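Encoded as structure tokens, the structure appears first; notes follow it.
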Amino acid sequence: MELDKTLKVVNVTIQNALNTIDLHCEGYRPFQLILYTLITTLVILKSWFFLFKKDEPLAKRSKKFVFRWIRRMPIVGNMIKKEVGKVKDHISAEKLFKLKPGMRYLRQLPREGYSDSKIIHEVDEYLSMDHKWDNGSVSGAIYNGSPELTNIVGQVCSKFTWTNPLHPDVFPGLRKMEAEVARMVCDMFHGDPLESSGTVTSGGTESILLAVKAYRDWALDNGIEHPEIVCPVSAHAAFEKAAHYFKVKIVQVPLDTKTWKVDINKMKKAITKNTCMIMGSAPQFPHGIIDPIKDIAALGLKYGIPVHVDACLGGFLIAFMEEAGFPLEPFDFRVPGVTSISADSHKYGYAPKGTSCILYSSPKWRTYQYFVSPDWQGGMYATPTLSGSRTGTVISGCWAVMVKFGRIGYVDCTRKVIKTARYITKELSMLENIFIFGEPKVCVVAMGSLDFDIFRLSSAMTELGWNLNSVQFPSAIHLCCTMLHTKPGVADRFVKDVKQSVQNIMMNPKKKNTGASAMYGMAQTIPDRSLVSELTGAYLDAMYDTSDYRNNGDSHRNGHI
Ligand SMILES: *Cc1c(COP(=O)(O)O)cnc(C)c1O
């Protein structure tokens, strides 16, 4: 009886509603009704996509929109354009990459080829332009560089000059080397001897691009239409690059500002049904801090999401730290939930630049990394990584370096690097007016200050011949300790120079930074990030600038500008 009554009420309500709608539609012609419905649907869909379905958060897009609008305004827009132009004039090869007196750019093929002796002479001239690094003055960049290593790498690489892993039938020896490098690195990270697998790539960025591509394709294959990756804000820019290239959304998770590890609760909240990868770094680049890999992996397990560990920077250290007497919490395939690891052999593996490994816990993931074109006219085509043809040179160099060091060699180097980094951390944390970010356990030591603009310290250190890294949001500078910093006296010289520079700065702590890194500090304060992007683009332009005519009074405008 009750049900009957209810149904009746519902029926009447529906009838009333329909009548009301009919009443509203009266006076419209059917085509108008169709048109209005169509337009309304489109507007709703469009707004829906604008609000929720874009790769960038709404706030960020709104900000961009406002700034774009400002830059298009007649007077203000022109003023900005003029100012940007002025700054751009300072971002030129002429100002940033000065040639030695008398040096010229080659802008055309030399008509007649050089003799071998001239080539060697020229090459030495080019090399003589480099920042002096063998005294340990540069943060990161060159991780070993010993003449002994240079010698053997040079010998091996020259033997492999013409090899290409794209043709394993022609170069089966190289194929064996590459497979062995990937296997040995899998083993370093306790990958299952049969299940784990990997590929050698051209560098950390490519390893990361490939992991993101693999997980995206896995997600697409499993019905996730708009895949997202969840990364700590401290994750390497390569993750943002991967998101950009492969059209996945990147969700950035803030750090705990005491430990500078990712805030695991916020990471948990950032996970959605679209998440196709979460990750942590071991350690991250800005402050050298290891994210809580165990907790991140547990989230991955709980929600069935693959977990990447970015060990690009420190992979070849952390894998040996326990044996070197510096145990860490587990960070590798021993942690349930970790499905991939990137580790750069061209950093603490001391291999020549252009080699890294991307490793997976199971071959299933690696398959998603591949590109296959079974129908190409040029033949069935398949590549494991981003490139087509690749150089075998650096792969052979990497293999040679790895077997030269062996486990004992790497453990030895690791002990030296970690000892040095910990010594520097200890000494610097005793200084007043600066602080160390978190508790760095590996190779990077990041400094900040509450009393003065930390980039002034960077400028002061530049004056003393050092080349440190600038970190932003928040401002910091860091030293990435390499084997070059383990040489006698280098760490002490660094600490002494920091101490002296801080003392000098504290004589006038509020003074504005006018040194080399001033621009770095300023760029952070520009709210319109598209301006910063534009100026950064100008820097890239300058890298390819060959217009030296102004330096040398050459009146021929040979080329652009
Ligand atoms: C260096 C680095 C990478 C990759 O950089 P490449 O320059 O492409 O080798 C990725 N993650 C971290 C933490 C790094 O330090």
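Following the order of the structure tokens, chains are lettered A, B, ..., residues in each are numbered from 1, and ligands are numbered from 1.
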Residues contacting ligand 1 - anything with an atom at most 6 Å away, using only C-alpha atoms and all ligand atoms - can you give me those as a ChimeraX atom specification?
/A:203-205,236,284-285,310,312-313
Okay, now the selection with N, CA and C atoms, as a PDB file, in the first residue's frame?
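This went into part01.pdb:
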ATOM      1  N   GLY A 203      71.113   8.319 -20.391  1.00  0.00           N
ATOM      2  CA  GLY A 203      71.283   9.145 -19.198  1.00  0.00           C
ATOM      3  C   GLY A 203      70.074   9.057 -18.305  1.00  0.00           C
ATOM      4  N   GLY A 204      70.159   9.699 -17.171  1.00  0.00           N
ATOM      5  CA  GLY A 204      69.085   9.634 -16.193  1.00  0.00           C
ATOM      6  C   GLY A 204      67.760  10.119 -16.751  1.00  0.00           C
ATOM      7  N   THR A 205      67.809  11.201 -17.504  1.00  0.00           N
ATOM      8  CA  THR A 205      66.576  11.741 -18.066  1.00  0.00           C
ATOM      9  C   THR A 205      65.886  10.705 -18.945  1.00  0.00           C
ATOM     10  N   HIS A 236      63.371  15.111  -9.684  1.00  0.00           N
ATOM     11  CA  HIS A 236      64.125  15.716 -10.793  1.00  0.00           C
ATOM     12  C   HIS A 236      63.184  16.250 -11.877  1.00  0.00           C
ATOM     13  N   GLN A 284      67.264  12.775  -3.503  1.00  0.00           N
ATOM     14  CA  GLN A 284      66.844  13.819  -4.449  1.00  0.00           C
ATOM     15  C   GLN A 284      67.983  14.822  -4.678  1.00  0.00           C
ATOM     16  N   PHE A 285      67.892  15.528  -5.776  1.00  0.00           N
ATOM     17  CA  PHE A 285      68.971  16.434  -6.176  1.00  0.00           C
ATOM     18  C   PHE A 285      69.060  17.708  -5.328  1.00  0.00           C
ATOM     19  N   ASP A 310      63.938   6.904  -7.965  1.00  0.00           N
ATOM     20  CA  ASP A 310      64.928   7.606  -8.759  1.00  0.00           C
ATOM     21  C   ASP A 310      66.246   7.624  -8.000  1.00  0.00           C
ATOM     22  N   CYS A 312      69.047   7.942  -9.744  1.00  0.00           N
ATOM     23  CA  CYS A 312      69.955   8.403 -10.803  1.00  0.00           C
ATOM     24  C   CYS A 312      71.236   8.963 -10.209  1.00  0.00           C
ATOM     25  N   LEU A 313      71.047   9.890  -9.281  1.00  0.00           N
ATOM     26  CA  LEU A 313      72.208  10.577  -8.719  1.00  0.00           C
ATOM     27  C   LEU A 313      73.060   9.624  -7.875  1.00  0.00           C
TER      28      LEU A 313
END
Quick one: residues within 12 Å of Asp263 (chain A), only C-alpha atoms, excluding same-chain residues fewer than 2 positions away - as a PyMOL selection string?
chain A and resi 231-234+252-261+265-270+280+291-293+295-296
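Nearest-residue note for Ala298 (chain A): choosing from A:Ile264, A:Leu127, A:Ala282, A:Ser47, the minimum distance belongs to A:Ile264, counting only C-alpha atoms.
For region 348-377 of chain A, the set of residues given helix (DSSP H, G or I) by DSSP on the backbone reads Pro363, Lys364, Trp365, Arg366, Thr367, Tyr368 and Gln369 of chain A.
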Using only C-alpha atoms, which protein or nucleic acid residues come within 10 Å of region 133-138 of chain A? Drop anything in the same chain fewer than 6 positions from it, and give the result as number ranges by chain.
A: 144-146, 461-462, 464-469, 479-487, 489-491, 493-494
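Candidate residues A:Met188, A:Phe246, A:Ser387, A:Pro474 were compared for distance to Arg407 (chain A), and the nearest is A:Met188, using only C-alpha atoms.
For the atom pair formed by CA of His226 (chain A) and CA of Val212 (chain A), the distance is 13.3 Å, given to one decimal.
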Contact check, region 411-461 of chain A to region 506-511 of chain A, at most 9 Å, counting only C-alpha atoms, closest pairs as a tab-separated table:
residue	atom	partner	partner_atom	distance
A:Asn433	CA	A:Met506	CA	8.0
A:Asp451	CA	A:Pro509	CA	6.6
A:Phe452	CA	A:Pro509	CA	5.2
A:Asp453	CA	A:Lys510	CA	7.8
A:Arg456	CA	A:Lys511	CA	9.0
Those selected residues, please, written with N, CA, C and O atoms and delivered as a compact mmCIF listing (two decimals), in the first residue's frame.
# COMPACT_ATOMS: atom_id res chain seq x y z
N ASN A 433 74.75 31.28 11.34
CA ASN A 433 74.19 32.06 10.22
C ASN A 433 73.86 31.25 8.96
O ASN A 433 73.30 31.78 8.02
N ASP A 451 69.67 34.49 7.85
CA ASP A 451 70.22 35.80 8.18
C ASP A 451 70.62 36.63 6.97
O ASP A 451 70.77 37.84 7.05
N PHE A 452 70.86 35.97 5.84
CA PHE A 452 71.25 36.72 4.63
C PHE A 452 70.83 35.94 3.39
O PHE A 452 70.44 34.77 3.49
N ASP A 453 70.87 36.60 2.25
CA ASP A 453 70.54 35.99 0.97
C ASP A 453 71.61 34.94 0.64
O ASP A 453 72.76 35.29 0.36
N ARG A 456 74.24 35.09 -2.02
CA ARG A 456 75.46 35.89 -1.84
C ARG A 456 76.63 34.98 -1.52
O ARG A 456 77.76 35.23 -1.94
Using only C-alpha atoms, the best pick from A:Tyr539, A:Ser517, A:Leu106, A:Met279 as closest to His90 (chain A) would be A:Tyr539
